[in-house]
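Worksheet: the structure to be examined is printed underneath.
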Number of protein chains: 2
Amino acid sequence: MRTWTKCVVLSIVAAMVCGVALAQFTKPEEAIDYRQSAMVLIGQHFGRMAAMVKGERPYNKAEFAHNAAVVQMVSELPWDAFMMAGSAKGETKMKAAALTEKDKFMADAEKLETETRKLAEAADAGDLNAIKAQFNEVANACKLCHTSYRNK
Amino acid sequence: MRTWTKCVVLSIVAAMVCGVALAQFTKPEEAIDYRQSAMVLIGQHFGRMAAMVKGERPYNKAEFAHNAAVVQMVSELPWDAFMMAGSAKGETKMKAAALTEKDKFMADAEKLETETRKLAEAADAGDLNAIKAQFNEVANACKLCHTSYRNK
């Protein structure tokens, strides 16, 4: 294969592997808006679960499972938006360290995805004690990343 | 059954039927923030599909299907947030008519959900002509509601 052909093939493979993680935001403000929006949805549905975990609202299996499914699904979305170059400035609470510690940041993100997936499974199963334990794991995963990469 | 028992049972049934549609926002600003966040996500992923439909980006089946799945999933979320009493004021483009024409608004929302579901199916199948046709149906569903209920 000629060099340019190899480059084309490699580019296609890279695009397939990276898939949706390819940077698609045209400017930092757009990436910031997107990731904050994802966090608003996560926060809202996490809060609804928290109210049931704390007993402030009665536990409802279907409702809890819906909230857990939304958090799981949305928690898969915003990480490439956080990694956009130049997006640690402006209307954001993200610390610049997130961009320089990309591997650690992405490991934290992966941790959240894993824990939210487990919570969605526990929510479907419906054992409230198991749900509460896994809810705490999700909360810890949130804190882990916020402590390192989010300004107060 | 005594009357109060009937009331309790009916309340439980109502809660189950209404499920996640039960108002859970504590104030209008929270509902506005939530629905705008959902629209940011929908807009971003709709835009990514639009770029492929228009040929500005090469069509990639997996990427398109991911975008369609996100739009489908998020398009199920924000309607109760739009219906919150008092949320036609403040930092929102929603026309007050949305609250007084709830049935029509919700029918428009249902239309969007139906069309985005069909788009996700077409995206999974991967026939680009069918995808383009269904993408236009989704765009029309967006416009339908924006024309009636969104200020410019």
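Labeling convention for the structure tokens: chains A, B, ... as they appear, residues from 1 per chain, ligands from 1 in order of appearance.
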Check which residues of chain B sit at most 8 Å from chain A using only C-alpha atoms, and return one row each with the closest pair of atoms and their distance in Å to one decimal, ordered by chain and rising number, as a tab-separated table.
residue	atom	partner	partner_atom	distance
B:Gly19	CA	A:Glu63	CA	6.2
B:Val20	CA	A:Glu63	CA	5.7
B:Gln24	CA	A:Arg48	CA	7.8
B:Asp33	CA	A:Val40	CA	7.5
B:Tyr34	CA	A:Val40	CA	6.3
B:Gln36	CA	A:Ser37	CA	7.8
B:Ser37	CA	A:Ser37	CA	4.2
B:Ala38	CA	A:Ser37	CA	6.8
B:Val40	CA	A:Tyr34	CA	6.3
B:Leu41	CA	A:Tyr34	CA	6.3
B:Gln44	CA	A:Tyr34	CA	7.6
B:Arg48	CA	A:Gln24	CA	7.8
B:Ala62	CA	A:Gly19	CA	7.5
B:Glu63	CA	A:Val20	CA	5.7
B:His66	CA	A:Val20	CA	7.5
If you keep N, CA and C atoms, can you produce a file of those selected residues as an mmCIF file, in the first residue's frame?
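Listed below is the output, out-v3.cif:
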data_model
loop_
_atom_site.group_PDB
_atom_site.id
_atom_site.type_symbol
_atom_site.label_atom_id
_atom_site.label_comp_id
_atom_site.auth_asym_id
_atom_site.auth_seq_id
_atom_site.Cartn_x
_atom_site.Cartn_y
_atom_site.Cartn_z
ATOM 1 N N GLY B 19 -46.850 8.495 36.494
ATOM 2 C CA GLY B 19 -45.446 8.115 36.591
ATOM 3 C C GLY B 19 -44.535 9.310 36.629
ATOM 4 N N VAL B 20 -43.582 9.314 35.734
ATOM 5 C CA VAL B 20 -42.549 10.339 35.727
ATOM 6 C C VAL B 20 -43.071 11.693 35.273
ATOM 7 N N GLN B 24 -42.119 17.587 39.194
ATOM 8 C CA GLN B 24 -41.084 17.361 40.188
ATOM 9 C C GLN B 24 -40.145 18.543 40.300
ATOM 10 N N ASP B 33 -34.652 25.719 33.097
ATOM 11 C CA ASP B 33 -33.267 25.280 32.928
ATOM 12 C C ASP B 33 -33.224 23.846 32.391
ATOM 13 N N TYR B 34 -34.085 23.007 32.938
ATOM 14 C CA TYR B 34 -34.127 21.602 32.528
ATOM 15 C C TYR B 34 -34.532 21.474 31.063
ATOM 16 N N GLN B 36 -34.512 23.710 28.693
ATOM 17 C CA GLN B 36 -33.533 24.314 27.789
ATOM 18 C C GLN B 36 -32.317 23.399 27.622
ATOM 19 N N SER B 37 -31.938 22.736 28.703
ATOM 20 C CA SER B 37 -30.810 21.805 28.635
ATOM 21 C C SER B 37 -31.121 20.644 27.704
ATOM 22 N N ALA B 38 -32.340 20.133 27.816
ATOM 23 C CA ALA B 38 -32.744 19.048 26.913
ATOM 24 C C ALA B 38 -32.686 19.527 25.466
ATOM 25 N N VAL B 40 -30.781 21.876 24.216
ATOM 26 C CA VAL B 40 -29.379 22.025 23.802
ATOM 27 C C VAL B 40 -28.836 20.684 23.304
ATOM 28 N N LEU B 41 -29.131 19.623 24.044
ATOM 29 C CA LEU B 41 -28.657 18.303 23.629
ATOM 30 C C LEU B 41 -29.319 17.888 22.311
ATOM 31 N N GLN B 44 -27.830 19.930 19.436
ATOM 32 C CA GLN B 44 -26.473 19.530 19.073
ATOM 33 C C GLN B 44 -26.481 18.258 18.220
ATOM 34 N N ARG B 48 -25.710 17.603 14.166
ATOM 35 C CA ARG B 48 -24.717 16.652 13.648
ATOM 36 C C ARG B 48 -25.330 15.774 12.554
ATOM 37 N N ALA B 62 -22.787 4.482 12.103
ATOM 38 C CA ALA B 62 -22.766 4.354 13.571
ATOM 39 C C ALA B 62 -22.953 5.709 14.243
ATOM 40 N N GLU B 63 -22.290 6.700 13.671
ATOM 41 C CA GLU B 63 -22.355 8.045 14.242
ATOM 42 C C GLU B 63 -23.768 8.618 14.098
ATOM 43 N N HIS B 66 -26.101 6.904 16.500
ATOM 44 C CA HIS B 66 -25.906 7.394 17.872
ATOM 45 C C HIS B 66 -26.634 8.718 18.073
#
(request) Write out as a VMD selection string the residues lying within 12 Å of region 136-140 of chain A, counting only C-alpha atoms and excluding same-chain residues fewer than 6 positions away. (result) chain A and resid 42 to 43 46 to 47 49 to 50 53 to 54 68 71 to 72 75 108 to 120 122 129 to 130 146 to 147
(message) When DSSP is applied to the backbone of this structure, which of region 47-148 of chain A are assigned alpha helix (DSSP H)? Write them out as an MDAnalysis selection string.
(response) chainID A and resid 47:53 61:74 79:82 97:100 102:125 128:148
(request) Could you jot down the CA of Tyr59 (chain B) to CA of Met84 (chain A) separation for me, Å, one decimal place? (result) 22.9 Å
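Distance-wise, CA of Leu128 (chain A) and CA of Ala51 (chain A) end up 13.2 Å apart.
Counting from CA of Met83 (chain B), the distance to CA of Glu101 (chain B) is 9.9 Å.
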